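Take a look at the structure below.
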Amino acid sequence: MKSVNEQKLFRQAQEYAASYMDTITNRPVFPDSEALANMQIFDEPLPEKSCTGLEIVEQLHKFGLPATVAQTGGQYFGFVNGGTIPAAQATQYLTAAWDQNAALYLMSPIASYLETICQQWLIDLFALPEQTVAGLLSGSSAATLSGLAAARYALLDTQGWDVNNDGLAGAPRLRIVLGEHAHSSVFKALAILGFGRNQLEIVKADTQGRMRVDLLPRLDNRTIVIVQAGNVNSGAFDAIDEIADRCNRAGSWLHVDGAFGLWCAASNKRKHLTKGLEKADSWAVDGHKTLNAPYDCGIILCKHPRALTSAMQASGSYIQYSKERDGMAYVPEMSRRARSVELWATLKALGRTGIEYLVDSLHQYAKQFANELKNQGFQIRNDVVFNQILVACDNAEETEKTLENIQQSGDCWCGGASWQGQPVIRVSVCSWRTDESDIKKSVAVFVKARMVAQQALR
Ligand SMILES: *Cc1c(COP(=O)(O)O)cnc(C)c1O
């Protein structure tokens with residue numbers, strides 16, 4: 001039985017957590033300089049003596065909390081970060097207490113079982129081929145790494161080469177075709193897998209960042225093609241349908257980086273963007289972005305179970321695989337947290353219609369945001385096809401200064417990027433909590449930030 005002290009500790013931690021969530025909409029979106037300076041309290045030599053759990057949670061509550069970013073609030077538009085729906089956040093309280101290792105069925109039957117359920121639901125939601133398998137991992141970076149490893153295994157296998165046993169040196173040469181706007185995590189995964197930058201066949205992009213299909217090289221059965229469903233800056237979608245047809249005719253492997261955009265397949269209004277999705281071979285998608293599942297939650301989906309499990313092979317006399325699902329067979333990691341529980345909770349809490357509503361509202365609020373900014377004289381540099389907006393002022397200097405002011409305001413937060421050689425303010429509408437009034441307040445922050453910028457630059 002738990003000691004009285006343990007009970008007190010958990011109650012206290014829950015109370016602190018609840019008070020954080022109660023104030024999420026009023027706290028600064030980004031910590032102020034005092035909160036940042038106060039982080040110094042953590043800078044001490046490794047303590048010689050132990051201290052109590054109550055001291056730990058108290059220090060975190062007092063000095064850690066003020067230096068958090070209000071990602072779960074409605075006025076955070078940075079990167080493509082997403083919030084967390086309450087049902088999933090509450091589930092995290094449980095999974096924290098359960099502390100399951102999801103490597104094997106024998107370590108956690110429930111984590112394994114819910115992984116299978118999530119797999120079935122995702123196949124259904126995205127209308128993927130029924131033999132598709134899913135692996136849960138930290139994010140789309142890890143998912144793309146896994147999908148491309150499966151591709152490498154499968155294409156070399158077709159050439160009569162076993163990459164697991166014979167390695168890459170001396171292997172038949174594979175070709176990699178991808179758009180110049182592919183996400184940095186794709187280039188990272190390729191480098192880890194032995195495909196150097198100078199060996200890639202990089203296809204020029206159009207003004208929205210989409211791979212130009214007319215420039216696609218001739219494909220063959222030694223080629224891996226990578227498209228994206230959702231450009232991380234503009235939100236644009238590659239022409240998946242057309243590219244998939246060409247891949248299938250040639251016997252190429254098609255991987256889709258759909259980190260946040262794949263969820264458009266769940267919306268009747270947005271699914272034209274992901275048309276042809278089911279013709280691909282592997283898909284990377286995040287639970288922690290558009291779906292608003294808690295961090296961290298990435299998913300690799302692969303139509304070729306043997307290719308994925310062969311690429312992720314692991315053995316050892318003590319690893320007891322069972323007849324049930326052993327999650328580690330589909331991912332690079334062995335010990336893993338039980339993401340399936342939170343992913344299941346998120347999918348179940350929203351349901352099919354809730355997911356569709358979420359996708360549609362993110363788009364609707366992004367349109368509203370873009371329109372109101374345009375009415376205030378800002379330039380919108382992309383077609384707002386989903387949830388991403390690229391904003392600019394009259395000149396580069398003013399854009400940069402305005403962004404700086406927005407980031408310092410504490411009232412909303414956006415990141416920046418370079419688009420077509422020009423600085424832009426990058427807005428990602430990605431939280432279920434964002435509503436019309438958040439957009440109105442944030443537009444006012446933009447206007448004020450630009451006014452202050454103009455005064456400073458005059
Ligand atoms: C966020 C993102 C990634 C990386 O995903 P992580 O979950 O951060 O690893 C890859 N591709 C695209 C298009 C993204 O938006």
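Chain identifiers are assigned as A, B, and so on, following the order in which chains appear in the structure tokens; residues are numbered from 1 within each chain, and ligands are numbered from 1 in order of appearance.
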Taking only C-alpha atoms and all ligand atoms into account, report as a PDB file with N, CA, C and O atoms, in the first residue's frame which residues have an atom no farther than 7 Å from an atom of ligand 1.
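pocket01.pdb, freshly written:
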ATOM      1  N   VAL A  80       4.282  23.661 -35.778  1.00  0.00           N
ATOM      2  CA  VAL A  80       2.962  23.044 -36.009  1.00  0.00           C
ATOM      3  C   VAL A  80       2.748  22.195 -34.768  1.00  0.00           C
ATOM      4  O   VAL A  80       2.850  20.984 -34.809  1.00  0.00           O
ATOM      5  N   SER A 138       8.115   8.388 -31.552  1.00  0.00           N
ATOM      6  CA  SER A 138       8.137   9.720 -30.962  1.00  0.00           C
ATOM      7  C   SER A 138       7.543  10.813 -31.844  1.00  0.00           C
ATOM      8  O   SER A 138       7.060  11.822 -31.346  1.00  0.00           O
ATOM      9  N   GLY A 139       7.581  10.639 -33.159  1.00  0.00           N
ATOM     10  CA  GLY A 139       7.068  11.701 -34.022  1.00  0.00           C
ATOM     11  C   GLY A 139       7.273  11.328 -35.477  1.00  0.00           C
ATOM     12  O   GLY A 139       7.687  10.209 -35.803  1.00  0.00           O
ATOM     13  N   SER A 140       6.996  12.278 -36.361  1.00  0.00           N
ATOM     14  CA  SER A 140       7.129  12.002 -37.785  1.00  0.00           C
ATOM     15  C   SER A 140       8.583  11.816 -38.208  1.00  0.00           C
ATOM     16  O   SER A 140       8.856  11.132 -39.196  1.00  0.00           O
ATOM     17  N   SER A 141       9.516  12.419 -37.488  1.00  0.00           N
ATOM     18  CA  SER A 141      10.930  12.202 -37.823  1.00  0.00           C
ATOM     19  C   SER A 141      11.251  10.720 -37.724  1.00  0.00           C
ATOM     20  O   SER A 141      11.821  10.121 -38.646  1.00  0.00           O
ATOM     21  N   ALA A 142      10.878  10.121 -36.601  1.00  0.00           N
ATOM     22  CA  ALA A 142      11.131   8.695 -36.387  1.00  0.00           C
ATOM     23  C   ALA A 142      10.278   7.852 -37.332  1.00  0.00           C
ATOM     24  O   ALA A 142      10.705   6.785 -37.789  1.00  0.00           O
ATOM     25  N   HIS A 183      10.649  18.206 -45.845  1.00  0.00           N
ATOM     26  CA  HIS A 183      10.956  18.610 -44.470  1.00  0.00           C
ATOM     27  C   HIS A 183      12.372  18.181 -44.082  1.00  0.00           C
ATOM     28  O   HIS A 183      12.859  17.145 -44.528  1.00  0.00           O
ATOM     29  N   SER A 185      13.472  16.799 -41.595  1.00  0.00           N
ATOM     30  CA  SER A 185      13.546  15.465 -40.979  1.00  0.00           C
ATOM     31  C   SER A 185      13.672  14.368 -42.039  1.00  0.00           C
ATOM     32  O   SER A 185      14.188  13.283 -41.754  1.00  0.00           O
ATOM     33  N   GLN A 228       5.014  15.088 -49.795  1.00  0.00           N
ATOM     34  CA  GLN A 228       4.479  15.555 -48.523  1.00  0.00           C
ATOM     35  C   GLN A 228       3.015  15.960 -48.628  1.00  0.00           C
ATOM     36  O   GLN A 228       2.572  16.542 -49.604  1.00  0.00           O
ATOM     37  N   GLY A 230       1.190  18.319 -46.781  1.00  0.00           N
ATOM     38  CA  GLY A 230       1.308  19.426 -45.836  1.00  0.00           C
ATOM     39  C   GLY A 230       2.738  19.927 -45.737  1.00  0.00           C
ATOM     40  O   GLY A 230       3.543  19.371 -45.001  1.00  0.00           O
ATOM     41  N   ASN A 231       3.037  20.980 -46.515  1.00  0.00           N
ATOM     42  CA  ASN A 231       4.341  21.651 -46.433  1.00  0.00           C
ATOM     43  C   ASN A 231       4.413  22.382 -45.089  1.00  0.00           C
ATOM     44  O   ASN A 231       3.477  23.075 -44.708  1.00  0.00           O
ATOM     45  N   VAL A 232       5.518  22.205 -44.379  1.00  0.00           N
ATOM     46  CA  VAL A 232       5.595  22.717 -43.010  1.00  0.00           C
ATOM     47  C   VAL A 232       5.443  24.242 -42.938  1.00  0.00           C
ATOM     48  O   VAL A 232       5.046  24.785 -41.913  1.00  0.00           O
ATOM     49  N   ASP A 257       5.104  11.954 -46.305  1.00  0.00           N
ATOM     50  CA  ASP A 257       5.309  12.671 -45.046  1.00  0.00           C
ATOM     51  C   ASP A 257       4.042  13.492 -44.812  1.00  0.00           C
ATOM     52  O   ASP A 257       3.872  14.562 -45.383  1.00  0.00           O
ATOM     53  N   GLY A 258       3.168  12.947 -43.973  1.00  0.00           N
ATOM     54  CA  GLY A 258       1.891  13.615 -43.721  1.00  0.00           C
ATOM     55  C   GLY A 258       1.775  14.049 -42.277  1.00  0.00           C
ATOM     56  O   GLY A 258       0.688  13.970 -41.682  1.00  0.00           O
ATOM     57  N   ALA A 259       2.879  14.528 -41.716  1.00  0.00           N
ATOM     58  CA  ALA A 259       2.974  14.824 -40.279  1.00  0.00           C
ATOM     59  C   ALA A 259       1.694  15.454 -39.719  1.00  0.00           C
ATOM     60  O   ALA A 259       1.108  14.961 -38.779  1.00  0.00           O
ATOM     61  N   PHE A 260       1.257  16.562 -40.358  1.00  0.00           N
ATOM     62  CA  PHE A 260       0.025  17.188 -39.858  1.00  0.00           C
ATOM     63  C   PHE A 260      -1.094  17.141 -40.895  1.00  0.00           C
ATOM     64  O   PHE A 260      -2.270  17.176 -40.565  1.00  0.00           O
ATOM     65  N   ASP A 286       1.662  12.467 -37.430  1.00  0.00           N
ATOM     66  CA  ASP A 286       1.761  12.750 -36.003  1.00  0.00           C
ATOM     67  C   ASP A 286       0.396  12.750 -35.343  1.00  0.00           C
ATOM     68  O   ASP A 286      -0.575  13.255 -35.919  1.00  0.00           O
ATOM     69  N   GLY A 298       3.992   9.886 -32.557  1.00  0.00           N
ATOM     70  CA  GLY A 298       4.124   9.763 -34.010  1.00  0.00           C
ATOM     71  C   GLY A 298       3.676   8.383 -34.448  1.00  0.00           C
ATOM     72  O   GLY A 298       3.641   7.443 -33.641  1.00  0.00           O
TER      73      GLY A 298
END
| message | Just list as JSON, numbers by chain whatever in range 253-429 of chain A DSSP marks as strand (DSSP E). | response | {"A": [253, 254, 255, 256, 257, 282, 283, 284, 285, 286, 298, 299, 300, 301, 302, 379, 380, 388, 389, 390, 391, 392, 415, 416, 417, 418, 419, 422, 423, 424, 425, 426, 427, 428]}
Original post:
Leaving out range 170-176 of chain A and any residue of its chain fewer than 2 positions from it, which residues lie within 6 Å of it when counting only C-alpha atoms, given as a PyMOL selection string?
Top reply: chain A and resi 168+200-201+222-225
Can you write out the residues you just picked, keeping N, CA and C atoms, as a short mmCIF file (atom, residue, chain, number, x, y, z; two decimals), in the first residue's frame?
data_model
loop_
_atom_site.label_atom_id
_atom_site.label_comp_id
_atom_site.auth_asym_id
_atom_site.auth_seq_id
_atom_site.Cartn_x
_atom_site.Cartn_y
_atom_site.Cartn_z
N LEU A 168 25.15 -2.02 -46.79
CA LEU A 168 24.94 -1.12 -47.93
C LEU A 168 26.11 -1.14 -48.90
N LEU A 200 20.85 12.58 -53.95
CA LEU A 200 19.38 12.67 -54.06
C LEU A 200 18.98 13.35 -55.36
N GLU A 201 17.84 12.94 -55.91
CA GLU A 201 17.30 13.61 -57.09
C GLU A 201 16.20 14.55 -56.59
N ARG A 222 13.92 0.71 -58.46
CA ARG A 222 14.99 0.93 -57.48
C ARG A 222 14.87 2.33 -56.89
N THR A 223 13.68 2.91 -57.02
CA THR A 223 13.52 4.32 -56.61
C THR A 223 12.54 4.47 -55.44
N ILE A 224 12.96 5.26 -54.46
CA ILE A 224 12.07 5.66 -53.37
C ILE A 224 11.65 7.10 -53.65
N VAL A 225 10.34 7.34 -53.69
CA VAL A 225 9.83 8.70 -53.91
C VAL A 225 9.19 9.17 -52.61
#
Task: From A:Thr158, A:Ile226, A:Asn164, A:Thr207, residue lying nearest Ala314 in chain A [only C-alpha atoms] - done: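 So, comparing all the options, the nearest one is A:Asn164.
Residue nearest Arg210 in chain A, chosen from A:His181, A:Arg450, A:Lys367, A:Lys62 and counting only C-alpha atoms: A:His181.
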| Which one is closest to Leu155 in chain A: A:Phe386, A:Tyr357, A:Phe195, A:Trp253? Count only C-alpha atoms. |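 Smallest separation from Leu155 in chain A among the options: A:Trp253.
Using only C-alpha atoms for every distance, the candidate list A:Leu301, A:Ala266, A:Ala149, A:Ala37 yields A:Ala266 as the residue closest to Leu358 in chain A.
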